[in-house]
>>> print(open('final-v6.pdb').read())   # PDB, C-alpha atoms
ATOM      1  CA  THR X   1      85.320   5.427  43.748
ATOM      2  CA  LYS X   2      88.277   4.643  41.509
ATOM      3  CA  ASP X   3      88.515   8.264  40.332
ATOM      4  CA  THR X   4      88.531   9.522  43.933
ATOM      5  CA  ALA X   5      91.300   7.087  44.839
ATOM      6  CA  LYS X   6      93.402   8.265  41.905
ATOM      7  CA  ARG X   7      92.941  11.911  42.899
ATOM      8  CA  GLN X   8      93.902  11.168  46.500
ATOM      9  CA  ALA X   9      96.954   9.199  45.403
ATOM     10  CA  LEU X  10      98.142  12.067  43.202
ATOM     11  CA  ALA X  11      97.507  14.575  45.990
ATOM     12  CA  GLY X  12      99.828  12.489  48.152
ATOM     13  CA  ARG X  13     102.527  12.412  45.466
ATOM     14  CA  LEU X  14     102.342  16.185  45.066
ATOM     15  CA  GLN X  15     101.983  16.855  48.803
ATOM     16  CA  ALA X  16      98.795  18.749  48.046
ATOM     17  CA  SER X  17      96.484  19.605  50.938
ATOM     18  CA  SER X  18      93.353  18.153  49.329
ATOM     19  CA  ALA X  19      92.083  16.300  46.266
ATOM     20  CA  GLU X  20      88.509  17.580  46.416
ATOM     21  CA  ALA X  21      88.897  20.309  43.777
ATOM     22  CA  MET X  22      91.299  18.374  41.551
ATOM     23  CA  PRO X  23      90.201  18.184  37.876
ATOM     24  CA  ASN X  24      89.183  14.616  37.002
ATOM     25  CA  TRP X  25      91.582  14.450  34.063
ATOM     26  CA  LEU X  26      94.747  15.340  36.012
ATOM     27  CA  PRO X  27      95.470  11.951  37.694
ATOM     28  CA  PHE X  28      94.939  10.130  34.400
ATOM     29  CA  ALA X  29      97.245  12.581  32.566
ATOM     30  CA  VAL X  30      99.990  12.103  35.157
ATOM     31  CA  GLU X  31      99.533   8.329  35.078
ATOM     32  CA  ALA X  32      99.779   8.278  31.286
ATOM     33  CA  MET X  33     102.597  10.805  30.812
ATOM     34  CA  ALA X  34     104.673  10.668  34.018
ATOM     35  CA  PRO X  35     104.137   7.253  35.620
ATOM     36  CA  GLN X  36     107.736   6.931  36.845
ATOM     37  CA  THR X  37     108.164  10.415  38.286
ATOM     38  CA  THR X  38     108.747  10.230  42.036
ATOM     39  CA  ARG X  39     110.512  13.513  42.771
ATOM     40  CA  TRP X  40     108.847  16.661  41.471
ATOM     41  CA  PHE X  41     110.924  19.813  41.201
ATOM     42  CA  SER X  42     109.644  22.679  43.340
ATOM     43  CA  PHE X  43     108.579  24.943  40.463
ATOM     44  CA  VAL X  44     106.697  22.112  38.732
ATOM     45  CA  ARG X  45     105.132  20.705  41.892
ATOM     46  CA  LYS X  46     103.690  24.072  42.909
ATOM     47  CA  ARG X  47     102.114  24.570  39.464
ATOM     48  CA  LEU X  48     100.614  21.068  39.507
ATOM     49  CA  ILE X  49      99.249  21.731  42.998
ATOM     50  CA  ARG X  50      97.646  24.856  41.579
ATOM     51  CA  LEU X  51      95.916  22.648  39.023
ATOM     52  CA  ALA X  52      95.040  20.122  41.720
ATOM     53  CA  ASN X  53      93.401  22.856  43.772
ATOM     54  CA  GLY X  54      90.959  23.534  40.948
ATOM     55  CA  ALA X  55      92.663  26.460  39.228
ATOM     56  CA  GLY X  56      92.859  24.267  36.141
ATOM     57  CA  GLU X  57      89.105  24.444  35.618
ATOM     58  CA  ARG X  58      89.308  28.019  34.288
ATOM     59  CA  PRO X  59      88.256  28.348  30.634
ATOM     60  CA  PRO X  60      91.090  28.419  28.073
ATOM     61  CA  HIS X  61      92.083  31.678  26.439
ATOM     62  CA  ALA X  62      94.592  32.746  23.832
ATOM     63  CA  GLY X  63      98.172  31.789  24.524
ATOM     64  CA  MET X  64     100.022  28.687  25.668
ATOM     65  CA  ALA X  65      99.306  29.325  29.338
ATOM     66  CA  GLY X  66      95.539  29.561  28.873
ATOM     67  CA  GLY X  67      94.245  26.020  29.171
ATOM     68  CA  ALA X  68      94.842  23.749  32.129
ATOM     69  CA  LEU X  69      96.014  20.883  29.924
ATOM     70  CA  ASP X  70      98.496  23.211  28.196
ATOM     71  CA  VAL X  71      99.882  24.204  31.588
ATOM     72  CA  PHE X  72     100.202  20.544  32.568
ATOM     73  CA  VAL X  73     102.034  19.568  29.375
ATOM     74  CA  ALA X  74     104.402  22.547  29.686
ATOM     75  CA  ALA X  75     105.044  21.754  33.373
ATOM     76  CA  LEU X  76     105.788  18.138  32.511
ATOM     77  CA  ALA X  77     108.220  19.216  29.783
ATOM     78  CA  LEU X  78     109.890  21.473  32.339
ATOM     79  CA  GLN X  79     110.120  18.564  34.800
ATOM     80  CA  HIS X  80     111.955  16.446  32.226
ATOM     81  CA  MET X  81     114.344  19.269  31.245
ATOM     82  CA  LEU X  82     115.182  19.988  34.895
ATOM     83  CA  THR X  83     115.793  16.268  35.391
ATOM     84  CA  LEU X  84     118.288  16.294  32.537
ATOM     85  CA  VAL X  85     120.113  19.221  34.154
ATOM     86  CA  GLN X  86     120.203  17.821  37.684
ATOM     87  CA  ARG X  87     120.350  14.065  37.187
ATOM     88  CA  GLY X  88     121.724  13.653  33.682
ATOM     89  CA  LYS X  89     125.261  12.272  33.776
ATOM     90  CA  ASP X  90     128.024  13.660  31.577
ATOM     91  CA  ARG X  91     127.565  10.618  29.327
ATOM     92  CA  LEU X  92     124.125   9.128  28.707
ATOM     93  CA  THR X  93     122.903   6.299  26.521
ATOM     94  CA  LYS X  94     119.564   6.572  24.748
ATOM     95  CA  ASN X  95     117.712   3.479  25.965
ATOM     96  CA  ASP X  96     114.736   2.485  28.075
ATOM     97  CA  GLU X  97     116.891   1.675  31.109
ATOM     98  CA  THR X  98     118.368   5.177  31.171
ATOM     99  CA  ALA X  99     114.926   6.699  30.642
ATOM    100  CA  ALA X 100     113.519   4.685  33.544
ATOM    101  CA  GLU X 101     116.365   5.834  35.800
ATOM    102  CA  LEU X 102     115.554   9.450  34.929
ATOM    103  CA  GLY X 103     111.802   8.897  35.310
ATOM    104  CA  MET X 104     110.738   9.829  31.795
ATOM    105  CA  PRO X 105     109.452   8.064  28.649
ATOM    106  CA  GLY X 106     112.103   6.776  26.277
ATOM    107  CA  LYS X 107     110.859   8.942  23.388
ATOM    108  CA  VAL X 108     111.185  12.063  25.553
ATOM    109  CA  LEU X 109     114.759  11.183  26.479
ATOM    110  CA  ALA X 110     115.604  10.498  22.822
ATOM    111  CA  ALA X 111     114.217  13.867  21.732
ATOM    112  CA  MET X 112     116.156  15.732  24.421
ATOM    113  CA  MET X 113     119.387  13.885  23.640
ATOM    114  CA  ALA X 114     119.072  14.935  20.004
ATOM    115  CA  LYS X 115     118.445  18.569  20.944
ATOM    116  CA  PHE X 116     120.713  19.173  23.940
ATOM    117  CA  ARG X 117     123.581  16.667  23.727
ATOM    118  CA  ILE X 118     126.437  15.724  21.382
ATOM    119  CA  LYS X 119     126.156  12.283  19.785
ATOM    120  CA  ASN X 120     129.219  10.017  20.018
ATOM    121  CA  SER X 121     129.426   6.544  18.507
ATOM    122  CA  SER X 122     131.778   3.615  18.993
ATOM    123  CA  LYS X 123     131.720  -0.004  17.892
ATOM    124  CA  GLN X 124     130.037  -1.016  21.134
ATOM    125  CA  ARG X 125     127.394   1.692  21.629
ATOM    126  CA  THR X 126     126.199   5.235  21.032
ATOM    127  CA  PHE X 127     126.212   7.756  23.869
ATOM    128  CA  TYR X 128     125.476  11.457  24.301
ATOM    129  CA  THR X 129     127.731  13.948  26.080
ATOM    130  CA  LYS X 130     127.320  17.435  27.492
ATOM    131  CA  ASP X 131     128.686  20.543  25.813
ATOM    132  CA  LYS X 132     128.386  24.243  26.610
ATOM    133  CA  GLU X 133     126.229  25.103  23.603
ATOM    134  CA  GLY X 134     123.758  22.348  24.417
ATOM    135  CA  ALA X 135     123.699  23.281  28.114
ATOM    136  CA  ASP X 136     122.964  26.928  27.242
ATOM    137  CA  ARG X 137     120.226  25.850  24.835
ATOM    138  CA  LEU X 138     118.678  23.638  27.520
ATOM    139  CA  LEU X 139     118.695  26.472  30.077
ATOM    140  CA  ASN X 140     117.054  28.830  27.572
ATOM    141  CA  HIS X 141     114.311  26.260  26.933
ATOM    142  CA  ILE X 142     113.739  25.872  30.676
ATOM    143  CA  LEU X 143     113.436  29.620  31.202
ATOM    144  CA  ALA X 144     111.158  30.118  28.189
ATOM    145  CA  THR X 145     108.879  27.268  29.273
ATOM    146  CA  ALA X 146     108.633  28.667  32.803
ATOM    147  CA  LEU X 147     107.657  32.046  31.360
ATOM    148  CA  CYS X 148     104.894  30.460  29.278
ATOM    149  CA  ILE X 149     103.501  28.618  32.307
ATOM    150  CA  GLU X 150     103.450  31.786  34.415
ATOM    151  CA  GLU X 151     102.123  34.015  31.642
ATOM    152  CA  TYR X 152     105.450  35.828  31.186
ATOM    153  CA  GLU X 153     106.074  37.053  34.741
ATOM    154  CA  LEU X 154     107.628  35.204  37.698
ATOM    155  CA  ASP X 155     110.202  35.374  40.463
ATOM    156  CA  CYS X 156     113.406  33.366  40.301
ATOM    157  CA  ALA X 157     113.422  31.616  43.696
ATOM    158  CA  ASP X 158     111.933  28.230  42.798
ATOM    159  CA  LEU X 159     113.861  27.838  39.550
ATOM    160  CA  ALA X 160     117.083  28.799  41.315
ATOM    161  CA  ASP X 161     116.494  26.074  43.911
ATOM    162  CA  ASP X 162     115.657  23.515  41.227
ATOM    163  CA  LEU X 163     118.679  24.400  39.084
ATOM    164  CA  GLY X 164     121.039  24.601  42.060
ATOM    165  CA  ILE X 165     122.182  28.141  41.247
ATOM    166  CA  LEU X 166     121.597  31.616  42.675
ATOM    167  CA  PRO X 167     118.481  33.652  41.816
ATOM    168  CA  ARG X 168     120.827  36.288  40.383
ATOM    169  CA  GLU X 169     122.168  33.747  37.881
ATOM    170  CA  VAL X 170     118.629  32.741  36.899
ATOM    171  CA  ALA X 171     117.742  36.421  36.447
ATOM    172  CA  GLN X 172     120.774  36.897  34.205
ATOM    173  CA  GLY X 173     119.554  34.010  32.060
ATOM    174  CA  PHE X 174     116.131  35.646  31.747
ATOM    175  CA  ARG X 175     117.807  38.929  30.815
ATOM    176  CA  ARG X 176     119.618  37.199  27.961
ATOM    177  CA  ILE X 177     116.297  36.117  26.438
ATOM    178  CA  GLY X 178     114.855  39.614  26.604
ATOM    179  CA  CYS X 179     113.204  39.910  30.039
ATOM    180  CA  GLN X 180     113.127  42.962  32.264
ATOM    181  CA  ILE X 181     114.602  42.287  35.715
ATOM    182  CA  THR X 182     113.545  43.811  39.054
ATOM    183  CA  LYS X 183     115.302  43.123  42.347
ATOM    184  CA  LEU X 184     112.719  42.319  45.014
ATOM    185  CA  LYS X 185     112.717  43.986  48.398
ATOM    186  CA  ALA X 186     114.305  41.993  51.201
ATOM    187  CA  SER X 187     111.923  39.405  52.629
ATOM    188  CA  GLY X 188     114.272  37.503  54.881
ATOM    189  CA  ARG X 189     115.454  35.345  51.998
ATOM    190  CA  GLU X 190     119.175  35.133  51.314
ATOM    191  CA  PRO X 191     120.469  35.526  48.666
ATOM    192  CA  PRO X 192     118.272  38.266  47.135
ATOM    193  CA  ASN X 193     115.486  37.294  44.779
ATOM    194  CA  PHE X 194     114.444  38.836  41.455
ATOM    195  CA  GLN X 195     111.215  39.340  39.519
ATOM    196  CA  VAL X 196     111.352  38.895  35.748
ATOM    197  CA  GLN X 197     108.856  39.945  33.105
ATOM    198  CA  LEU X 198     108.778  39.483  29.356
ATOM    199  CA  VAL X 199     107.247  42.563  27.756
ATOM    200  CA  VAL X 200     107.475  44.214  24.362
ATOM    201  CA  PRO X 201     109.608  45.690  23.049
ATOM    202  CA  LEU X 202     112.113  43.024  24.100
ATOM    203  CA  GLN X 203     115.348  44.322  25.569
ATOM    204  CA  PHE X 204     118.442  42.207  25.043
ATOM    205  CA  PRO X 205     121.843  42.812  26.664
ATOM    206  CA  LYS X 206     124.391  44.511  24.487
ATOM    207  CA  VAL X 207     127.040  42.122  23.198
ATOM    208  CA  SER X 208     130.545  43.496  23.304
ATOM    209  CA  ARG X 209     132.537  43.046  20.123
ATOM    210  CA  PRO X 210     136.292  42.479  20.065
ATOM    211  CA  MET X 211     138.311  45.518  19.013
ATOM    212  CA  ARG X 212     139.833  45.400  15.568
ATOM    213  CA  ASN X 213     143.507  46.020  15.168
TER
END
>>> encode(input="final-v6.pdb", output="structure tokens")
Amino acid sequence: TKDTAKRQALAGRLQASSAEAMPNWLPFAVEAMAPQTTRWFSFVRKRLIRLANGAGERPPHAGMAGGALDVFVAALALQHMLTLVQRGKDRLTKNDETAAELGMPGKVLAAMMAKFRIKNSSKQRTFYTKDKEGADRLLNHILATALCIEEYELDCADLADDLGILPREVAQGFRRIGCQITKLKASGREPPNFQVQLVVPLQFPKVSRPMRN
């Protein structure tokens, strides 16, 4: 059937082992919201495979990570934010051509440019450039979204690979937003990996203040 073909096609895109347990809505959601995405980041792909394997059929419960559709939307947002980090040039224009190159809808690109980039205008065109404050804000959004998807506990390996930085650096980012950090025992992976968990009361790093004269 047409639905079966769509599930099998998506399984191929995600490199999933099977499409048999895939929720019927997932291929249509991907087709509607991520039609141009060809390269899925590791963290996102593994969570979509989890949905494709039928884990998304669990009943929703309180919290963003409860329903399968919520997980999908959050994973897709994470995909777009990671794309901006890894493929976004220092200067970007907000148009459909740029959005197509990045594999995201134009409205999504426009929203992220407004939130994470500095607007610059000239007589010819308007473009958006990187700055440290925006880059830090983007990383914090990525980490917070990943926590929501994983119900506030995860290890740093996949995000480190996707961001192109060390797991230790990812763990430091999670520490800055209040997570508790645990170094995992050696498992043959170099460099060392870390487990992070967001629990209450939140613990933030102490900020050193300059000494007064």
>>> resolve_selection(input="final-v6.pdb", expression="the PyMOL selection byres ((chain X and resi 9) around 12)", output="ChimeraX atom specification")
/X:2-8,10-20,22,26-28,30-31,52
>>> atom_distance(input="final-v6.pdb", atom1="CA of Phe116 (chain X)", atom2="CA of Leu51 (chain X)")
29.2 Å
>>> resolve_selection(input="final-v6.pdb", expression="the PyMOL selection byres ((chain X and resi 163) around 10)", output="ChimeraX atom specification")
/X:41,82-83,85-86,139,142,158-162,164-167,170
>>> atom_distance(input="final-v6.pdb", atom1="CA of Val196 (chain X)", atom2="CA of Arg47 (chain X)")
17.4 Å
>>> atom_distance(input="final-v6.pdb", atom1="CA of Lys185 (chain X)", atom2="CA of Lys46 (chain X)")
22.5 Å
>>> axis_aligned_box(input="final-v6.pdb", around="region 120-123 of chain X", padding_each_side="4 Å", output="AutoDock Vina command-line options")
--center_x 130.5 --center_y 5.0 --center_z 19.0 --size_x 10.6 --size_y 18.0 --size_z 10.1
>>> resolve_selection(input="final-v6.pdb", expression="the PyMOL selection byres ((chain X and resi 80) around 9)", output="ChimeraX atom specification")
/X:75-79,81-85,102-104,108-109,112
>>> closest_residue(input="final-v6.pdb", among="X:Lys107, X:Lys183, X:Thr129, X:Gln195", to="Met33 (chain X)", atoms="only C-alpha atoms")
X:Lys107
>>> decode(input="final-v6.pdb", residues="region 38-51 of chain X", atoms="all heavy atoms", output="compact mmCIF listing (two decimals), in the first residue's frame")
# COMPACT_ATOMS: atom_id res chain seq x y z
N THR X 38 18.23 15.51 4.20
CA THR X 38 18.88 14.32 3.65
C THR X 38 19.90 13.73 4.62
O THR X 38 20.18 12.54 4.58
CB THR X 38 19.59 14.64 2.32
OG1 THR X 38 20.50 15.72 2.52
CG2 THR X 38 18.57 15.05 1.26
N ARG X 39 20.48 14.58 5.46
CA ARG X 39 21.47 14.10 6.42
C ARG X 39 20.96 14.36 7.83
O ARG X 39 20.84 15.51 8.25
CB ARG X 39 22.82 14.80 6.24
CG ARG X 39 23.85 14.41 7.29
CD ARG X 39 25.14 15.21 7.16
NE ARG X 39 26.08 14.89 8.22
CZ ARG X 39 26.16 15.55 9.37
NH1 ARG X 39 25.35 16.57 9.60
NH2 ARG X 39 27.04 15.21 10.30
N TRP X 40 20.65 13.29 8.54
CA TRP X 40 20.16 13.41 9.92
C TRP X 40 21.35 13.35 10.87
O TRP X 40 22.23 12.50 10.73
CB TRP X 40 19.19 12.28 10.24
CG TRP X 40 17.93 12.32 9.44
CD1 TRP X 40 17.67 11.61 8.30
CD2 TRP X 40 16.78 13.12 9.69
NE1 TRP X 40 16.42 11.92 7.83
CE2 TRP X 40 15.84 12.85 8.66
CE3 TRP X 40 16.44 14.05 10.68
CZ2 TRP X 40 14.60 13.46 8.60
CZ3 TRP X 40 15.19 14.65 10.61
CH2 TRP X 40 14.28 14.36 9.59
N PHE X 41 21.38 14.24 11.84
CA PHE X 41 22.42 14.18 12.86
C PHE X 41 22.20 12.95 13.73
O PHE X 41 21.07 12.48 13.91
CB PHE X 41 22.41 15.46 13.70
CG PHE X 41 22.93 16.65 12.96
CD1 PHE X 41 22.06 17.53 12.34
CD2 PHE X 41 24.29 16.88 12.88
CE1 PHE X 41 22.53 18.62 11.63
CE2 PHE X 41 24.78 17.98 12.18
CZ PHE X 41 23.90 18.85 11.55
N SER X 42 23.29 12.43 14.27
CA SER X 42 23.26 11.14 14.98
C SER X 42 22.25 11.14 16.12
O SER X 42 21.45 10.20 16.26
CB SER X 42 24.66 10.81 15.51
OG SER X 42 24.65 9.60 16.23
N PHE X 43 22.27 12.17 16.95
CA PHE X 43 21.35 12.23 18.09
C PHE X 43 19.90 12.18 17.61
O PHE X 43 19.08 11.43 18.14
CB PHE X 43 21.61 13.50 18.90
CG PHE X 43 20.80 13.61 20.16
CD1 PHE X 43 21.33 13.22 21.38
CD2 PHE X 43 19.49 14.10 20.14
CE1 PHE X 43 20.59 13.30 22.55
CE2 PHE X 43 18.74 14.20 21.30
CZ PHE X 43 19.29 13.79 22.50
N VAL X 44 19.59 12.97 16.59
CA VAL X 44 18.22 13.05 16.07
C VAL X 44 17.82 11.74 15.40
O VAL X 44 16.72 11.22 15.63
CB VAL X 44 18.08 14.23 15.08
CG1 VAL X 44 16.69 14.26 14.47
CG2 VAL X 44 18.40 15.54 15.78
N ARG X 45 18.71 11.21 14.58
CA ARG X 45 18.39 9.98 13.84
C ARG X 45 18.07 8.83 14.79
O ARG X 45 17.11 8.09 14.57
CB ARG X 45 19.56 9.60 12.94
CG ARG X 45 19.28 8.40 12.03
CD ARG X 45 20.46 8.11 11.12
NE ARG X 45 21.62 7.67 11.88
CZ ARG X 45 21.82 6.41 12.26
NH1 ARG X 45 20.93 5.47 11.96
NH2 ARG X 45 22.90 6.08 12.92
N LYS X 46 18.83 8.70 15.86
CA LYS X 46 18.60 7.60 16.80
C LYS X 46 17.25 7.76 17.50
O LYS X 46 16.57 6.77 17.78
CB LYS X 46 19.73 7.54 17.82
CG LYS X 46 21.04 7.05 17.23
CD LYS X 46 22.15 6.99 18.27
CE LYS X 46 23.45 6.49 17.66
NZ LYS X 46 24.55 6.45 18.66
N ARG X 47 16.84 9.00 17.78
CA ARG X 47 15.55 9.20 18.45
C ARG X 47 14.40 8.97 17.47
O ARG X 47 13.35 8.44 17.85
CB ARG X 47 15.46 10.61 19.04
CG ARG X 47 16.10 10.73 20.42
CD ARG X 47 17.60 10.52 20.38
NE ARG X 47 18.20 10.33 21.68
CZ ARG X 47 19.50 10.02 21.83
NH1 ARG X 47 20.28 9.86 20.78
NH2 ARG X 47 19.99 9.86 23.03
N LEU X 48 14.58 9.32 16.20
CA LEU X 48 13.55 9.03 15.21
C LEU X 48 13.45 7.53 14.94
O LEU X 48 12.35 7.01 14.72
CB LEU X 48 13.84 9.79 13.91
CG LEU X 48 13.71 11.31 13.98
CD1 LEU X 48 13.97 11.93 12.61
CD2 LEU X 48 12.33 11.73 14.50
N ILE X 49 14.58 6.84 14.97
CA ILE X 49 14.55 5.38 14.82
C ILE X 49 13.79 4.76 15.99
O ILE X 49 13.03 3.80 15.81
CB ILE X 49 15.97 4.81 14.73
CG1 ILE X 49 16.58 5.16 13.37
CG2 ILE X 49 15.97 3.30 14.93
CD1 ILE X 49 18.02 4.71 13.21
N ARG X 50 13.96 5.32 17.17
CA ARG X 50 13.22 4.83 18.33
C ARG X 50 11.72 4.97 18.10
O ARG X 50 10.94 4.07 18.43
CB ARG X 50 13.65 5.60 19.58
CG ARG X 50 13.14 5.02 20.89
CD ARG X 50 13.89 5.64 22.06
NE ARG X 50 13.64 7.07 22.16
CZ ARG X 50 14.36 7.90 22.91
NH1 ARG X 50 15.37 7.43 23.60
NH2 ARG X 50 14.08 9.18 22.97
N LEU X 51 11.31 6.09 17.50
CA LEU X 51 9.90 6.25 17.15
C LEU X 51 9.51 5.26 16.05
O LEU X 51 8.43 4.66 16.09
CB LEU X 51 9.62 7.67 16.68
CG LEU X 51 9.74 8.79 17.71
CD1 LEU X 51 9.46 10.14 17.05
CD2 LEU X 51 8.80 8.57 18.87
